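*Asks:* Dropping the structure in here first, questions after.
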Amino acid sequence: MAINYDAYEIVVGLEVHAQLLTRTKLFCGDPAVFGAEPNTQVSPVTLGLPGALPRLNRVAVEFAIRMGLACHSDIERNNYFARKNYFYPDLPKGYQISQHTTPICKGGRVSIRTASGEREIRLNRIHLEEDAGKSLHDIDPEYTCIDLNRAGVPLIEIVTEPDLRNGDEAYAYLTELRLLLRWLGICDGNMEEGSMRCDANVSVRLKGETALGTKVEVKNLNSIRNVRRAIEFEAHRLIGLLATGQPILQQTRSFDATDGTTFPLRTKEEANDYRYFADPDLPPFQVTEALLETVRASIPPLPEQLVVKYTTELQLPEYDARVLCGDKDSAAWFERLITHTSNYKAAANWLLGPVRSGLNDENLEWKDLTLRPESLAQLIRLVEEGRLSFSIAAERIYPVLLREPGREPLDIAVSLNVLQSSDTSEINRWIEQALEGMPDKVVEYKKGKKGLIGLFVGEVKKLSKGKADPKLTNQLLLQKLEK
């Protein structure tokens, strides 16, 4: 039976858990850093031992508010934590402390851009909760091992409305969300290490219908690319079932990255009863107006705000602005650079060209860059004044600046003897040499093949080792050839 997949609409909602970059856990002073020896970052509070009392981490609350404000959410002033009761080997207390029933951030939105255009994805909520430990199935051939270092690490869970319609939109949303988390300095967004984890709720329906179909939840998605792959596979599978009259079971499924398929973990026959109740060991907490203003003042200009600034005030192309703002460190570097030069386009070209290319080649990050912004501004000025060609600046001067960041670009250019010459007699000598070396091309030019001017300019550039001023070279060549 041929299935018309275009007749169906995909409906996706995402749940993202982001580990907060606090030094300690959500309710105790245990370290929250990644990578320590198993079960070394635990205490009676993490383990839920009798008599151990939790105490709320204020910084985690501030981080959650920061994300909520960046996502245009309403901030709940009166908050409390609840116990979410379930039993699992890596949950030492037998319950998880969460805000599921009373999120600190309500509503909100995240703007995304895809090939189809720009749209907003609505958020349902952002709430605080503690992480569980981790079950390790590949350490011992006979047993599952438990590492409780992660138990109690603060999380925010960011839940969308079912607004996403395909894998590309999910990819764009997660890319934007990770950028925001990193930009705000509250999560490193490293999905491979599990500090940002995503579950996708997928259903399908005929186009035009408004009721939601039976959903499946896909877990264990460890990269943004795999979220897109999982959604595309699962949507295709669900449409096949619906179109052929087969039942769709409400399942929790996992994703196999090796072949791009999903497989069932368990079938949900009814909703889980977590028996939420207010945690008796944690008092309610209030978000005061003073705290809200303090957090609001700590938020740096966000990517969208900088894109507007760069495209309007600085007149950069939108592409340049968005690439610069695709990383907080690159935008910060650009901000420092433009305090030393007003040639904003040249500054963007350098950062998006030679600088970024060099960082990628060396597998370095922007924070590793030893180059001083004022040195790069001086190099831009030398090119702007016609004293250096861009290629000489990028290929000869820039590498020296990286190795010896204390040196001045002009001194390097002088020592390498690469400053462009504006001496007409010297350039004329190079032109004579170039034209004498290709008399047949000169004849062709004079017969009307004017495109050969580029060949002559290139030859002069080669003979002068890049030192001939290209603009003056063009003028002198035309004078010579048009005689």
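Identifiers in this document derive from the order of the structure tokens: chains are assigned A, B, ..., residues are numbered from 1 separately in each chain, and ligands are numbered from 1 in order of occurrence.
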Mind checking DSSP for range 236-359 of chain A and telling me the strand (DSSP E or B) residues as number ranges by chain?

*Replies:* A: 251-256, 261-267, 277-278, 285-286

*Asks:* Would you export the selected residues with N, CA and C atoms as a compact mmCIF listing (two decimals), in the first residue's frame, please?

*Replies:*
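Written output follows (result.txt):
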```txt
# COMPACT_ATOMS: atom_id res chain seq x y z
N GLN A 251 4.38 4.65 24.13
CA GLN A 251 5.59 3.97 24.56
C GLN A 251 6.69 4.95 24.93
N THR A 252 7.63 4.42 25.70
CA THR A 252 8.93 5.07 25.86
C THR A 252 9.90 4.27 25.02
N ARG A 253 10.61 4.96 24.13
CA ARG A 253 11.52 4.29 23.20
C ARG A 253 12.92 4.88 23.33
N SER A 254 13.89 4.13 22.86
CA SER A 254 15.27 4.60 22.83
C SER A 254 15.72 4.67 21.38
N PHE A 255 16.83 5.36 21.16
CA PHE A 255 17.33 5.58 19.81
C PHE A 255 18.66 4.86 19.63
N ASP A 256 18.76 4.12 18.55
CA ASP A 256 20.01 3.43 18.19
C ASP A 256 20.72 4.28 17.14
N THR A 261 17.50 4.03 14.10
CA THR A 261 16.16 3.52 14.41
C THR A 261 15.85 3.69 15.90
N THR A 262 14.57 3.57 16.23
CA THR A 262 14.15 3.56 17.63
C THR A 262 13.66 2.17 18.00
N PHE A 263 13.67 1.87 19.30
CA PHE A 263 13.17 0.58 19.76
C PHE A 263 12.49 0.79 21.12
N PRO A 264 11.49 -0.06 21.44
CA PRO A 264 10.71 0.17 22.66
C PRO A 264 11.47 -0.20 23.93
N LEU A 265 11.29 0.63 24.96
CA LEU A 265 11.81 0.30 26.29
C LEU A 265 10.68 -0.21 27.17
N ARG A 266 9.56 0.51 27.13
CA ARG A 266 8.39 0.08 27.91
C ARG A 266 7.15 0.73 27.32
N THR A 267 6.01 0.09 27.59
CA THR A 267 4.72 0.62 27.12
C THR A 267 3.99 1.21 28.31
N PHE A 277 4.20 15.50 46.77
CA PHE A 277 3.78 16.29 47.93
C PHE A 277 4.92 17.22 48.32
N ALA A 278 4.57 18.32 48.95
CA ALA A 278 5.57 19.32 49.31
C ALA A 278 6.63 18.71 50.21
N PHE A 285 10.23 29.12 49.16
CA PHE A 285 11.12 30.27 48.98
C PHE A 285 10.46 31.28 48.06
N GLN A 286 10.80 32.55 48.29
CA GLN A 286 10.20 33.63 47.52
C GLN A 286 11.25 34.28 46.61
```

*Asks:* Mind checking which residues fall within 6 Å of Asp131 in chain A, counting only C-alpha atoms, ignoring those fewer than 5 positions away in the same chain, and posting them as a count of residues only?

*Replies:* 3

*Asks:* Might you pull out every residue within 9 Å of Asn57 in chain A, with only C-alpha atoms counted and same-chain residues fewer than 5 positions away left off, and present them as an MDAnalysis selection string?

*Replies:* chainID A and resid 22 24:29 154

*Asks:* Could you give me the residues within range 41-88 of chain A that DSSP places in alpha helix (DSSP H), as a count of residues only?

*Replies:* 17

*Asks:* Given the choices A:Ser43, A:Ser111, A:Thr311, A:Gln420, which gets closest to Ala170 in chain A if the distance is worked out from only C-alpha atoms?

*Replies:*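 Using only C-alpha atoms, Ala170 in chain A sits closest to A:Ser111.
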